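Student: The structure follows.
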Number of protein chains: 2
Amino acid sequence: MTKGLKQRILEKVAPDLKKVEIALDHHLNPNVELVRQIASHLLFSGGKRLRPLLMIHSARLCGYNKGFEIKFSTIFEYLHAATLLHDDVVDEADIRRGKKVAHTKWSASKVVLTGDFLLALALDIAAKTREPDIISVIAKITRDMSQGEIDQLAKKGKLDLSEEEYLEVIERKTAVLIQGACQSGAILAKAQKEKEAALKQYGFHLGMAFQMADDLLDYIASAEELGKNPGADIREGKLTLPLIHSLVNASSEDKTWMQDVISETEFDPDQFEKLKEKLYTYKGIEYTRKRARDHVKRAKVCLDGFGDCQSKQLLCLIADYSIERKV
Amino acid sequence: MTKGLKQRILEKVAPDLKKVEIALDHHLNPNVELVRQIASHLLFSGGKRLRPLLMIHSARLCGYNKGFEIKFSTIFEYLHAATLLHDDVVDEADIRRGKKVAHTKWSASKVVLTGDFLLALALDIAAKTREPDIISVIAKITRDMSQGEIDQLAKKGKLDLSEEEYLEVIERKTAVLIQGACQSGAILAKAQKEKEAALKQYGFHLGMAFQMADDLLDYIASAEELGKNPGADIREGKLTLPLIHSLVNASSEDKTWMQDVISETEFDPDQFEKLKEKLYTYKGIEYTRKRARDHVKRAKVCLDGFGDCQSKQLLCLIADYSIERKV
């Protein structure tokens, strides 16, 4: 079923995707060869281009027909890449604390500066929309994401992270950018304020569902499906909803055991398997899945006010896919 | 004489400076306390607020009278602070290579993210100007500076750096931001294109003079005057104009000796004193001073087309001060 959904989405977006790839390559034009290398390494390593697609179809859903939606959609892929590069440095900081294996090819400083370059590129294209409101959206995204990351760093390893704190973290980390892409599509199309608000809300719920699904996958997917080892979150000291909810429901004995497992500096695959069982027993998996499905449902409700069209169908499919996907 | 110049400038700018300080504090309003701490640490450590002052007076020189120049001028101080924070990480990278002593209070990741936050703040205020051209200027600044820093990193320790390469480095590192502040003042005032171009050019020459004077100070000022040890540039493997010009003129024997001194991993104060003598002998000091003075002269010529007023007088004084200052 999932493959069917993915296939249906890919068929619908294939022609646009090709144009997005060309535009991403076209606008990436640094004077310094090293910048091109570092930026390309991340940008052209097989991303799904979710954020550009969301902007494109939000704009079209609001009747945009000036023909620049592909060009402007690159803003959100460059922005996404810039934040990933700066996150890499956050991860590298962890490496220095001996918790993770180094896997970057370049020094932290070069990675940071390439992130700045991509942010500048996003800005430059955003300025060409001549829409100051899109700039404000980008400023809000950058502000929320940077504060969210610092907040998450400060909360790393916090064993009593509440569901509320978790929701705040994932909103800033993921939802804000996805929301911004959808909202900017509406602004570009000069949509009515209610339509802009509806698409912004759609993006928020989609982003929340997306991150919850991601956090679930870290516990339920196999290493093969993930393309990396599962358990990355607890290795990094990140408590996510499946665990947070289970800790609340656990017997005091199991709670202590689980907290001990999370606090271990060495990752033990056997312990991890036992921990996963507890997440089923105490319904953390079930609860997270339910919350993610709620967000998908609410995302789709936000589209009710729009007439049926290709873009609406696609945005609905993407919402469904956000929690069905395996990677 | 220098003190007199500084005093005259300070008297003229005092009332604005107070308002700039208040605005900087007012707009800095993060949700995360740690972000405030890191950002404040840098922002309120006694900066000269050169860039805000340049934007304010460029705007007034072009007849701007809407009353928002103080608010908008903070854009360029936040932007300056953001780039300094990201440069810190570049410096920290060096520490890891064992060349420098650590002096930062926070991890690289937190510093990077706070830089992102300040950049977002600058953007948000810039969006409120409703002038997409100001956003383009900011994008260009960020792009040039990030590429310039990477380029400089790549050229670190290059013993045959040419004057042309040096000029490119300092343009991106310093002139582009000062130029952007002046140009943005003109855009804010909706000045004619020629006036905008003249102020942009003024900012370019001022920035070049400013950086050359800075590079000179590293060789001619005392530790007391600098507030830090001289010789920072060669410690970091940065060849600047006094040295570049002297290397070109030096006898082959002296050239080899000088290159050996620069390549030393250990800094030797006695060797440094001897190196300074060579910079006088081979006229690197004299040449750099002359080039900086040329830029000051050309900066002032750019103001010829403007009628005499307080702001014009101030911009002329700042140009003179750029090479007379001791810190």
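By order of appearance in the structure tokens: chains A, B, ..., then residues from 1 within every chain, and ligands from 1 in the order shown.
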Set the cut-off to 7 Å and count only C-alpha atoms: what are the residues of chain A that reach chain B? Output as a list in words.
Tutor: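 Taken together, these residues fit the definition: Val32, Val89, Val90, Ala93, Ala108, Ser109, Lys110, Leu113, Thr114, Asp116, Phe117, Ala120, Leu121, Leu123, Asp124, Ala127, Arg130, Pro132, Ile135, Ser136, Ala139, Lys140, Thr142, Arg143, Ser146, Gln147, Ile150 and Asp151 of chain A.
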Student: Put chain A on top of chain B with a least-squares fit on all C-alpha atoms, paired in order, and send it back as a tab-separated table (two decimals) with C-alpha atoms, in the first residue's frame.
Tutor:
chain	number	residue	atom	x	y	z
A	1	MET	CA	45.33	65.01	16.83
A	2	THR	CA	43.72	61.55	16.69
A	3	LYS	CA	42.04	62.03	20.01
A	4	GLY	CA	40.65	65.32	18.75
A	5	LEU	CA	39.15	63.61	15.72
A	6	LYS	CA	37.63	60.83	17.80
A	7	GLN	CA	36.27	63.39	20.25
A	8	ARG	CA	34.67	65.43	17.49
A	9	ILE	CA	32.98	62.36	16.04
A	10	LEU	CA	31.74	61.17	19.43
A	11	GLU	CA	30.22	64.56	20.23
A	12	LYS	CA	28.33	64.56	16.96
A	13	VAL	CA	27.00	61.00	17.27
A	14	ALA	CA	26.33	60.79	21.02
A	15	PRO	CA	22.54	61.30	20.92
A	16	ASP	CA	22.08	58.80	18.07
A	17	LEU	CA	24.42	56.31	19.69
A	18	LYS	CA	22.30	56.25	22.80
A	19	LYS	CA	19.20	55.52	20.71
A	20	VAL	CA	21.02	52.80	18.76
A	21	GLU	CA	21.97	51.09	22.03
A	22	ILE	CA	18.36	51.17	23.21
A	23	ALA	CA	17.10	49.83	19.88
A	24	LEU	CA	19.68	47.02	19.88
A	25	ASP	CA	18.53	45.93	23.29
A	26	HIS	CA	14.85	46.38	22.46
A	27	HIS	CA	14.79	44.19	19.34
A	28	LEU	CA	16.96	41.46	20.85
A	29	ASN	CA	14.19	39.42	22.33
A	30	PRO	CA	14.81	35.70	22.08
A	31	ASN	CA	12.56	33.08	23.67
A	32	VAL	CA	15.57	31.14	24.85
A	33	GLU	CA	17.57	32.67	27.69
A	34	LEU	CA	20.83	31.09	26.55
A	35	VAL	CA	20.50	32.82	23.18
A	36	ARG	CA	20.15	36.16	24.94
A	37	GLN	CA	23.27	35.47	26.99
A	38	ILE	CA	25.46	34.52	24.05
A	39	ALA	CA	24.16	37.31	21.81
A	40	SER	CA	24.44	39.96	24.52
A	41	HIS	CA	27.95	38.91	25.41
A	42	LEU	CA	29.12	39.99	21.99
A	43	LEU	CA	26.64	42.75	21.21
A	44	PHE	CA	27.14	44.72	24.39
A	45	SER	CA	30.87	44.51	24.83
A	46	GLY	CA	31.62	48.03	23.72
A	47	GLY	CA	31.39	48.04	19.93
A	48	LYS	CA	31.78	51.30	18.07
A	49	ARG	CA	28.44	50.87	16.20
A	50	LEU	CA	30.20	52.09	13.07
A	51	ARG	CA	27.84	50.27	10.70
A	52	PRO	CA	24.58	51.59	12.20
A	53	LEU	CA	26.00	55.12	12.21
A	54	LEU	CA	26.95	54.80	8.56
A	55	MET	CA	23.46	53.68	7.60
A	56	ILE	CA	21.81	56.43	9.64
A	57	HIS	CA	23.89	59.19	8.09
A	58	SER	CA	23.74	57.79	4.58
A	59	ALA	CA	19.95	57.85	4.86
A	60	ARG	CA	19.89	61.38	6.27
A	61	LEU	CA	22.37	62.59	3.66
A	62	CYS	CA	19.82	61.45	1.05
A	63	GLY	CA	17.07	63.40	2.80
A	64	TYR	CA	15.41	60.55	4.70
A	65	ASN	CA	13.06	61.99	7.30
A	66	LYS	CA	10.55	59.25	8.15
A	67	GLY	CA	12.11	58.65	11.55
A	68	PHE	CA	12.91	54.92	11.33
A	69	GLU	CA	16.63	55.17	10.54
A	70	ILE	CA	17.68	54.23	14.09
A	71	LYS	CA	15.50	51.13	14.12
A	72	PHE	CA	16.66	50.00	10.68
A	73	SER	CA	20.31	50.75	11.42
A	74	THR	CA	20.34	47.89	13.94
A	75	ILE	CA	20.15	45.50	10.97
A	76	PHE	CA	23.83	46.11	10.30
A	77	GLU	CA	25.00	45.69	13.88
A	78	TYR	CA	23.11	42.39	14.21
A	79	LEU	CA	24.52	41.29	10.88
A	80	HIS	CA	28.01	42.28	11.98
A	81	ALA	CA	27.59	40.38	15.26
A	82	ALA	CA	26.27	37.31	13.40
A	83	THR	CA	29.32	37.21	11.15
A	84	LEU	CA	31.64	37.68	14.14
A	85	LEU	CA	30.00	34.74	15.88
A	86	HIS	CA	30.45	32.52	12.85
A	87	ASP	CA	34.03	33.72	12.53
A	88	ASP	CA	34.56	32.63	16.12
A	89	VAL	CA	33.86	29.09	15.02
A	90	VAL	CA	36.38	29.50	12.25
A	91	ASP	CA	38.84	30.59	14.90
A	92	GLU	CA	37.80	27.72	17.12
A	93	ALA	CA	38.61	25.39	14.28
A	94	ASP	CA	42.14	26.74	14.53
A	95	ILE	CA	42.24	26.13	18.22
A	96	ARG	CA	41.54	22.52	17.47
A	97	ARG	CA	44.55	22.54	15.22
A	98	GLY	CA	46.53	23.66	18.25
A	99	LYS	CA	47.43	27.09	16.98
A	100	LYS	CA	45.38	29.27	19.29
A	101	VAL	CA	44.17	29.41	22.83
A	102	ALA	CA	40.48	28.82	23.48
A	103	HIS	CA	38.69	31.86	24.81
A	104	THR	CA	35.04	31.21	24.09
A	105	LYS	CA	32.62	30.42	26.84
A	106	TRP	CA	30.20	28.37	24.76
A	107	SER	CA	30.36	25.39	22.42
A	108	ALA	CA	30.78	25.97	18.69
A	109	SER	CA	27.28	24.71	18.00
A	110	LYS	CA	25.61	27.19	20.34
A	111	VAL	CA	27.68	30.03	18.92
A	112	VAL	CA	26.75	29.09	15.34
A	113	LEU	CA	23.06	28.89	16.18
A	114	THR	CA	23.12	32.22	18.00
A	115	GLY	CA	24.74	33.69	14.89
A	116	ASP	CA	21.83	32.30	12.87
A	117	PHE	CA	19.42	33.84	15.33
A	118	LEU	CA	21.03	37.29	14.94
A	119	LEU	CA	20.99	36.95	11.18
A	120	ALA	CA	17.28	36.14	11.39
A	121	LEU	CA	16.76	39.19	13.56
A	122	ALA	CA	18.53	41.37	11.01
A	123	LEU	CA	16.36	39.88	8.28
A	124	ASP	CA	13.17	40.39	10.18
A	125	ILE	CA	13.89	44.08	10.68
A	126	ALA	CA	15.04	44.37	7.07
A	127	ALA	CA	11.72	42.92	5.90
A	128	LYS	CA	9.98	45.72	7.79
A	129	THR	CA	11.64	48.30	5.53
A	130	ARG	CA	9.41	46.78	2.78
A	131	GLU	CA	12.38	47.35	0.44
A	132	PRO	CA	13.32	44.12	-1.37
A	133	ASP	CA	16.51	45.85	-2.58
A	134	ILE	CA	17.75	46.04	1.00
A	135	ILE	CA	17.17	42.29	1.29
A	136	SER	CA	19.20	41.77	-1.88
A	137	VAL	CA	22.02	43.84	-0.39
A	138	ILE	CA	21.96	41.71	2.77
A	139	ALA	CA	21.94	38.53	0.70
A	140	LYS	CA	24.96	39.79	-1.24
A	141	ILE	CA	26.79	40.67	1.99
A	142	THR	CA	26.14	37.26	3.52
A	143	ARG	CA	27.12	35.48	0.33
A	144	ASP	CA	30.32	37.44	-0.21
A	145	MET	CA	31.40	37.22	3.41
A	146	SER	CA	30.85	33.47	3.69
A	147	GLN	CA	32.69	32.79	0.45
A	148	GLY	CA	35.44	35.22	1.44
A	149	GLU	CA	36.00	33.46	4.75
A	150	ILE	CA	36.21	30.06	3.11
A	151	ASP	CA	38.60	31.46	0.53
A	152	GLN	CA	40.73	32.98	3.29
A	153	LEU	CA	40.76	29.65	5.13
A	154	ALA	CA	41.92	27.94	1.98
A	155	LYS	CA	44.68	30.53	1.51
A	156	LYS	CA	45.90	30.41	5.09
A	157	GLY	CA	49.66	30.15	5.25
A	158	LYS	CA	50.06	30.82	1.52
A	159	LEU	CA	53.47	32.52	1.41
A	160	ASP	CA	53.09	34.02	-2.04
A	161	LEU	CA	49.68	35.65	-1.58
A	162	SER	CA	49.51	38.46	-4.13
A	163	GLU	CA	48.35	42.00	-3.47
A	164	GLU	CA	45.39	41.31	-5.76
A	165	GLU	CA	44.35	38.26	-3.73
A	166	TYR	CA	44.75	40.27	-0.53
A	167	LEU	CA	42.51	43.03	-1.88
A	168	GLU	CA	39.84	40.48	-2.77
A	169	VAL	CA	40.00	38.97	0.73
A	170	ILE	CA	39.60	42.29	2.57
A	171	GLU	CA	36.86	43.47	0.25
A	172	ARG	CA	34.75	40.43	1.12
A	173	LYS	CA	35.79	40.36	4.75
A	174	THR	CA	35.20	44.01	5.62
A	175	ALA	CA	34.31	46.34	2.78
A	176	VAL	CA	31.18	44.52	1.60
A	177	LEU	CA	29.36	44.97	4.92
A	178	ILE	CA	30.32	48.63	5.38
A	179	GLN	CA	29.40	49.29	1.77
A	180	GLY	CA	26.06	47.53	2.29
A	181	ALA	CA	25.22	49.70	5.31
A	182	CYS	CA	25.84	52.90	3.33
A	183	GLN	CA	23.97	51.67	0.27
A	184	SER	CA	20.99	50.54	2.34
A	185	GLY	CA	20.73	54.00	3.91
A	186	ALA	CA	20.39	55.43	0.41
A	187	ILE	CA	17.82	52.79	-0.59
A	188	LEU	CA	15.80	53.50	2.55
A	189	ALA	CA	15.74	57.19	1.59
A	190	LYS	CA	14.67	56.23	-1.94
A	191	ALA	CA	17.64	58.18	-3.25
A	192	GLN	CA	18.39	58.55	-6.96
A	193	LYS	CA	20.49	55.72	-8.41
A	194	GLU	CA	23.59	57.96	-8.74
A	195	LYS	CA	23.43	58.92	-5.09
A	196	GLU	CA	22.97	55.30	-4.06
A	197	ALA	CA	25.98	54.36	-6.21
A	198	ALA	CA	28.06	57.20	-4.71
A	199	LEU	CA	27.33	56.10	-1.15
A	200	LYS	CA	27.99	52.49	-2.05
A	201	GLN	CA	31.35	53.56	-3.46
A	202	TYR	CA	32.07	55.68	-0.38
A	203	GLY	CA	31.41	52.61	1.78
A	204	PHE	CA	33.68	50.45	-0.35
A	205	HIS	CA	36.64	52.81	-0.04
A	206	LEU	CA	35.99	53.39	3.65
A	207	GLY	CA	35.88	49.64	4.26
A	208	MET	CA	39.12	49.05	2.35
A	209	ALA	CA	40.88	51.87	4.26
A	210	PHE	CA	39.51	50.54	7.52
A	211	GLN	CA	40.83	47.03	6.99
A	212	MET	CA	44.23	48.23	5.75
A	213	ALA	CA	44.55	50.41	8.85
A	214	ASP	CA	43.64	47.37	10.93
A	215	ASP	CA	46.28	45.29	9.23
A	216	LEU	CA	48.84	48.05	9.81
A	217	LEU	CA	47.98	48.30	13.50
A	218	ASP	CA	48.83	44.66	13.96
A	219	TYR	CA	52.44	45.63	13.13
A	220	ILE	CA	52.80	49.18	14.39
A	221	ALA	CA	50.66	49.45	17.52
A	222	SER	CA	51.83	48.40	20.95
A	223	ALA	CA	50.12	45.63	22.92
A	224	GLU	CA	48.69	48.33	25.19
A	225	GLU	CA	47.17	50.25	22.31
A	226	LEU	CA	45.71	47.12	20.73
A	227	GLY	CA	44.42	45.63	23.96
A	228	LYS	CA	45.84	42.31	22.72
A	229	ASN	CA	49.20	41.01	21.62
A	230	PRO	CA	50.40	42.31	18.25
A	231	GLY	CA	51.34	39.84	15.56
A	232	ALA	CA	47.94	38.13	15.61
A	233	ASP	CA	47.83	37.96	11.82
A	234	ILE	CA	51.02	36.02	11.29
A	235	ARG	CA	50.17	33.79	14.23
A	236	GLU	CA	47.03	32.89	12.30
A	237	GLY	CA	48.92	32.51	9.03
A	238	LYS	CA	47.32	35.60	7.49
A	239	LEU	CA	49.54	37.57	5.15
A	240	THR	CA	48.50	41.21	4.96
A	241	LEU	CA	49.62	44.10	2.78
A	242	PRO	CA	52.60	45.37	4.84
A	243	LEU	CA	54.14	41.92	4.59
A	244	ILE	CA	53.04	41.14	1.04
A	245	HIS	CA	54.55	44.36	-0.30
A	246	SER	CA	57.77	43.89	1.66
A	247	LEU	CA	58.18	40.33	0.42
A	248	VAL	CA	57.98	41.55	-3.17
A	249	ASN	CA	60.70	44.16	-2.55
A	250	ALA	CA	62.97	42.11	-0.32
A	251	SER	CA	66.38	40.77	-1.31
A	252	SER	CA	66.22	37.07	-1.95
A	253	GLU	CA	68.08	36.41	1.30
A	254	ASP	CA	65.68	38.53	3.38
A	255	LYS	CA	62.67	37.08	1.57
A	256	THR	CA	63.70	33.56	2.55
A	257	TRP	CA	64.31	34.68	6.14
A	258	MET	CA	60.91	36.39	6.33
A	259	GLN	CA	59.09	33.39	4.90
A	260	ASP	CA	60.81	31.20	7.46
A	261	VAL	CA	59.63	33.46	10.28
A	262	ILE	CA	56.05	33.40	9.00
A	263	SER	CA	56.09	29.62	8.68
A	264	GLU	CA	57.29	29.06	12.26
A	265	THR	CA	54.62	27.35	14.30
A	266	GLU	CA	55.93	28.96	17.51
A	267	PHE	CA	55.60	32.74	17.76
A	268	ASP	CA	58.87	34.39	18.79
A	269	PRO	CA	58.59	38.05	19.97
A	270	ASP	CA	62.23	38.81	19.11
A	271	GLN	CA	61.86	37.47	15.60
A	272	PHE	CA	58.64	39.49	15.30
A	273	GLU	CA	60.53	42.70	16.18
A	274	LYS	CA	63.12	41.95	13.51
A	275	LEU	CA	60.37	41.18	11.01
A	276	LYS	CA	58.80	44.57	11.75
A	277	GLU	CA	62.11	46.27	10.94
A	278	LYS	CA	62.10	44.59	7.54
A	279	LEU	CA	58.60	45.92	6.91
A	280	TYR	CA	59.98	49.43	7.36
A	281	THR	CA	63.13	48.70	5.34
A	282	TYR	CA	61.18	47.29	2.41
A	283	LYS	CA	58.51	49.98	2.71
A	284	GLY	CA	55.57	47.64	3.36
A	285	ILE	CA	54.37	49.91	6.18
A	286	GLU	CA	54.75	53.06	4.10
A	287	TYR	CA	53.06	51.51	1.07
A	288	THR	CA	50.07	50.22	3.07
A	289	ARG	CA	49.62	53.59	4.73
A	290	LYS	CA	49.70	55.27	1.33
A	291	ARG	CA	47.13	52.85	-0.13
A	292	ALA	CA	44.85	53.35	2.87
A	293	ARG	CA	45.13	57.14	2.51
A	294	ASP	CA	44.25	56.82	-1.17
A	295	HIS	CA	41.08	54.98	-0.25
A	296	VAL	CA	40.17	57.66	2.31
A	297	LYS	CA	40.68	60.34	-0.31
A	298	ARG	CA	38.55	58.48	-2.82
A	299	ALA	CA	35.87	57.84	-0.20
A	300	LYS	CA	35.57	61.56	0.44
A	301	VAL	CA	35.44	62.37	-3.28
A	302	CYS	CA	32.33	60.13	-3.48
A	303	LEU	CA	30.55	62.62	-1.22
A	304	ASP	CA	31.26	65.60	-3.52
A	305	GLY	CA	27.84	65.45	-5.14
A	306	PHE	CA	26.04	65.95	-1.82
A	307	GLY	CA	25.29	69.38	-0.33
A	308	ASP	CA	27.06	70.35	2.88
A	309	CYS	CA	25.27	69.16	6.02
A	310	GLN	CA	25.91	67.55	9.41
A	311	SER	CA	25.77	64.03	7.97
A	312	LYS	CA	28.23	64.81	5.19
A	313	GLN	CA	30.66	66.34	7.67
A	314	LEU	CA	30.36	63.28	9.87
A	315	LEU	CA	30.94	60.83	7.02
A	316	CYS	CA	34.08	62.80	6.09
A	317	LEU	CA	35.32	62.72	9.68
A	318	ILE	CA	34.71	58.97	9.88
A	319	ALA	CA	36.75	58.49	6.69
A	320	ASP	CA	39.65	60.45	8.19
A	321	TYR	CA	39.35	58.59	11.45
A	322	SER	CA	39.46	55.18	9.76
A	323	ILE	CA	43.21	55.48	9.28
A	324	GLU	CA	44.10	57.71	12.24
A	325	ARG	CA	42.64	55.48	14.91
A	326	LYS	CA	44.83	53.50	17.27
A	327	VAL	CA	42.30	50.74	17.97
Student: In segment 37-226 of chain A, what's alpha helix (DSSP H) per DSSP? Answer as an MDAnalysis selection string?
Tutor: chainID A and resid 37:43 50:61 69:96 108:128 132:155 163:170 176:188 193:220 223:226
Student: Just the selected residues (C-alpha atoms), exported as a tab-separated table (two decimals), in the first residue's frame, please.
Tutor:
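The file below, part_37.tsv, is the result:
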chain	number	residue	atom	x	y	z
A	37	GLN	CA	31.72	21.08	-3.49
A	38	ILE	CA	30.41	21.25	0.06
A	39	ALA	CA	27.00	22.60	-0.95
A	40	SER	CA	26.57	20.08	-3.77
A	41	HIS	CA	27.55	17.19	-1.55
A	42	LEU	CA	24.47	17.78	0.56
A	43	LEU	CA	22.11	19.26	-2.02
A	50	LEU	CA	9.42	17.92	-0.18
A	51	ARG	CA	9.64	21.62	0.72
A	52	PRO	CA	9.89	22.94	-2.86
A	53	LEU	CA	6.99	20.71	-3.89
A	54	LEU	CA	4.89	22.03	-1.04
A	55	MET	CA	5.55	25.63	-2.03
A	56	ILE	CA	4.84	24.95	-5.70
A	57	HIS	CA	1.50	23.28	-5.02
A	58	SER	CA	0.45	25.74	-2.34
A	59	ALA	CA	0.99	28.54	-4.86
A	60	ARG	CA	-0.89	26.71	-7.61
A	61	LEU	CA	-3.71	25.79	-5.24
A	69	GLU	CA	6.94	28.91	-8.73
A	70	ILE	CA	9.74	26.47	-9.62
A	71	LYS	CA	12.42	29.14	-9.30
A	72	PHE	CA	11.06	30.44	-6.00
A	73	SER	CA	10.53	26.96	-4.59
A	74	THR	CA	14.31	26.48	-4.48
A	75	ILE	CA	14.37	28.98	-1.60
A	76	PHE	CA	13.08	26.28	0.72
A	77	GLU	CA	15.49	23.57	-0.39
A	78	TYR	CA	18.47	25.91	0.04
A	79	LEU	CA	17.13	26.95	3.41
A	80	HIS	CA	16.65	23.31	4.40
A	81	ALA	CA	20.20	22.47	3.27
A	82	ALA	CA	21.59	25.48	5.18
A	83	THR	CA	19.95	24.34	8.41
A	84	LEU	CA	21.17	20.77	7.87
A	85	LEU	CA	24.72	22.04	7.44
A	86	HIS	CA	24.54	24.02	10.65
A	87	ASP	CA	23.01	21.02	12.40
A	88	ASP	CA	26.01	19.02	11.24
A	89	VAL	CA	28.18	21.27	13.35
A	90	VAL	CA	25.88	20.67	16.28
A	91	ASP	CA	26.40	16.97	15.67
A	92	GLU	CA	30.12	17.49	15.31
A	93	ALA	CA	30.10	19.13	18.69
A	94	ASP	CA	28.81	15.81	19.99
A	95	ILE	CA	31.55	13.94	18.26
A	96	ARG	CA	33.98	16.03	20.21
A	108	ALA	CA	33.21	22.68	11.03
A	109	SER	CA	34.15	26.19	9.96
A	110	LYS	CA	33.84	25.45	6.25
A	111	VAL	CA	30.52	23.70	6.80
A	112	VAL	CA	29.15	26.65	8.80
A	113	LEU	CA	30.23	29.14	6.16
A	114	THR	CA	28.73	27.06	3.35
A	115	GLY	CA	25.50	27.02	5.34
A	116	ASP	CA	25.66	30.81	5.46
A	117	PHE	CA	26.23	30.89	1.73
A	118	LEU	CA	23.13	28.75	1.09
A	119	LEU	CA	21.09	30.91	3.41
A	120	ALA	CA	22.25	33.95	1.45
A	121	LEU	CA	21.26	32.23	-1.77
A	122	ALA	CA	17.79	31.53	-0.39
A	123	LEU	CA	17.51	35.17	0.65
A	124	ASP	CA	18.63	36.48	-2.68
A	125	ILE	CA	15.98	34.47	-4.51
A	126	ALA	CA	13.41	35.43	-1.89
A	127	ALA	CA	14.18	39.12	-2.47
A	128	LYS	CA	13.35	38.57	-6.14
A	132	PRO	CA	8.59	41.40	2.05
A	133	ASP	CA	6.15	39.02	3.77
A	134	ILE	CA	8.08	36.05	2.37
A	135	ILE	CA	11.25	37.54	3.87
A	136	SER	CA	9.48	37.82	7.23
A	137	VAL	CA	8.47	34.17	6.98
A	138	ILE	CA	12.09	33.18	6.28
A	139	ALA	CA	13.30	35.31	9.18
A	140	LYS	CA	10.79	33.61	11.47
A	141	ILE	CA	11.89	30.16	10.26
A	142	THR	CA	15.57	30.92	10.82
A	143	ARG	CA	14.89	32.43	14.22
A	144	ASP	CA	12.68	29.60	15.44
A	145	MET	CA	14.96	26.88	14.14
A	146	SER	CA	18.12	28.34	15.66
A	147	GLN	CA	16.45	28.87	19.03
A	148	GLY	CA	14.87	25.42	18.84
A	149	GLU	CA	18.22	23.75	18.22
A	150	ILE	CA	19.84	25.55	21.13
A	151	ASP	CA	16.90	24.63	23.33
A	152	GLN	CA	17.18	21.00	22.23
A	153	LEU	CA	20.91	21.03	22.99
A	154	ALA	CA	20.18	22.37	26.44
A	155	LYS	CA	17.57	19.64	27.00
A	163	GLU	CA	5.15	15.84	25.94
A	164	GLU	CA	4.60	19.60	25.81
A	165	GLU	CA	8.35	20.29	25.64
A	166	TYR	CA	8.70	17.62	22.97
A	167	LEU	CA	5.96	19.22	20.87
A	168	GLU	CA	7.70	22.59	21.13
A	169	VAL	CA	11.01	21.06	20.02
A	170	ILE	CA	9.59	19.33	16.93
A	176	VAL	CA	8.16	25.72	11.10
A	177	LEU	CA	10.05	25.22	7.83
A	178	ILE	CA	7.38	23.06	6.19
A	179	GLN	CA	4.74	25.52	7.34
A	180	GLY	CA	6.80	28.40	5.93
A	181	ALA	CA	7.06	26.75	2.52
A	182	CYS	CA	3.27	26.32	2.30
A	183	GLN	CA	2.55	29.82	3.58
A	184	SER	CA	5.03	31.38	1.16
A	185	GLY	CA	3.32	29.65	-1.76
A	186	ALA	CA	0.09	31.35	-0.73
A	187	ILE	CA	1.82	34.73	-0.30
A	188	LEU	CA	3.42	34.39	-3.74
A	193	LYS	CA	-5.57	35.93	4.25
A	194	GLU	CA	-7.86	32.98	5.14
A	195	LYS	CA	-6.35	30.83	2.42
A	196	GLU	CA	-2.84	31.78	3.50
A	197	ALA	CA	-3.75	30.89	7.09
A	198	ALA	CA	-5.28	27.56	5.98
A	199	LEU	CA	-2.14	26.56	4.08
A	200	LYS	CA	0.05	27.67	6.95
A	201	GLN	CA	-2.03	25.46	9.25
A	202	TYR	CA	-1.86	22.57	6.77
A	203	GLY	CA	1.94	22.90	6.78
A	204	PHE	CA	2.07	22.96	10.57
A	205	HIS	CA	0.10	19.72	10.94
A	206	LEU	CA	1.98	18.06	8.10
A	207	GLY	CA	5.30	19.00	9.71
A	208	MET	CA	4.23	17.69	13.11
A	209	ALA	CA	3.01	14.40	11.58
A	210	PHE	CA	6.20	14.13	9.57
A	211	GLN	CA	8.48	14.49	12.59
A	212	MET	CA	6.40	12.12	14.74
A	213	ALA	CA	6.58	9.52	11.98
A	214	ASP	CA	10.33	10.07	11.86
A	215	ASP	CA	10.62	9.58	15.59
A	216	LEU	CA	8.54	6.39	15.34
A	217	LEU	CA	10.71	5.00	12.54
A	218	ASP	CA	13.74	5.23	14.77
A	219	TYR	CA	12.08	2.56	16.94
A	220	ILE	CA	10.05	0.47	14.53
A	223	ALA	CA	18.36	-0.91	9.89
A	224	GLU	CA	17.80	-1.87	6.24
A	225	GLU	CA	14.70	0.27	5.93
A	226	LEU	CA	16.33	3.25	7.64
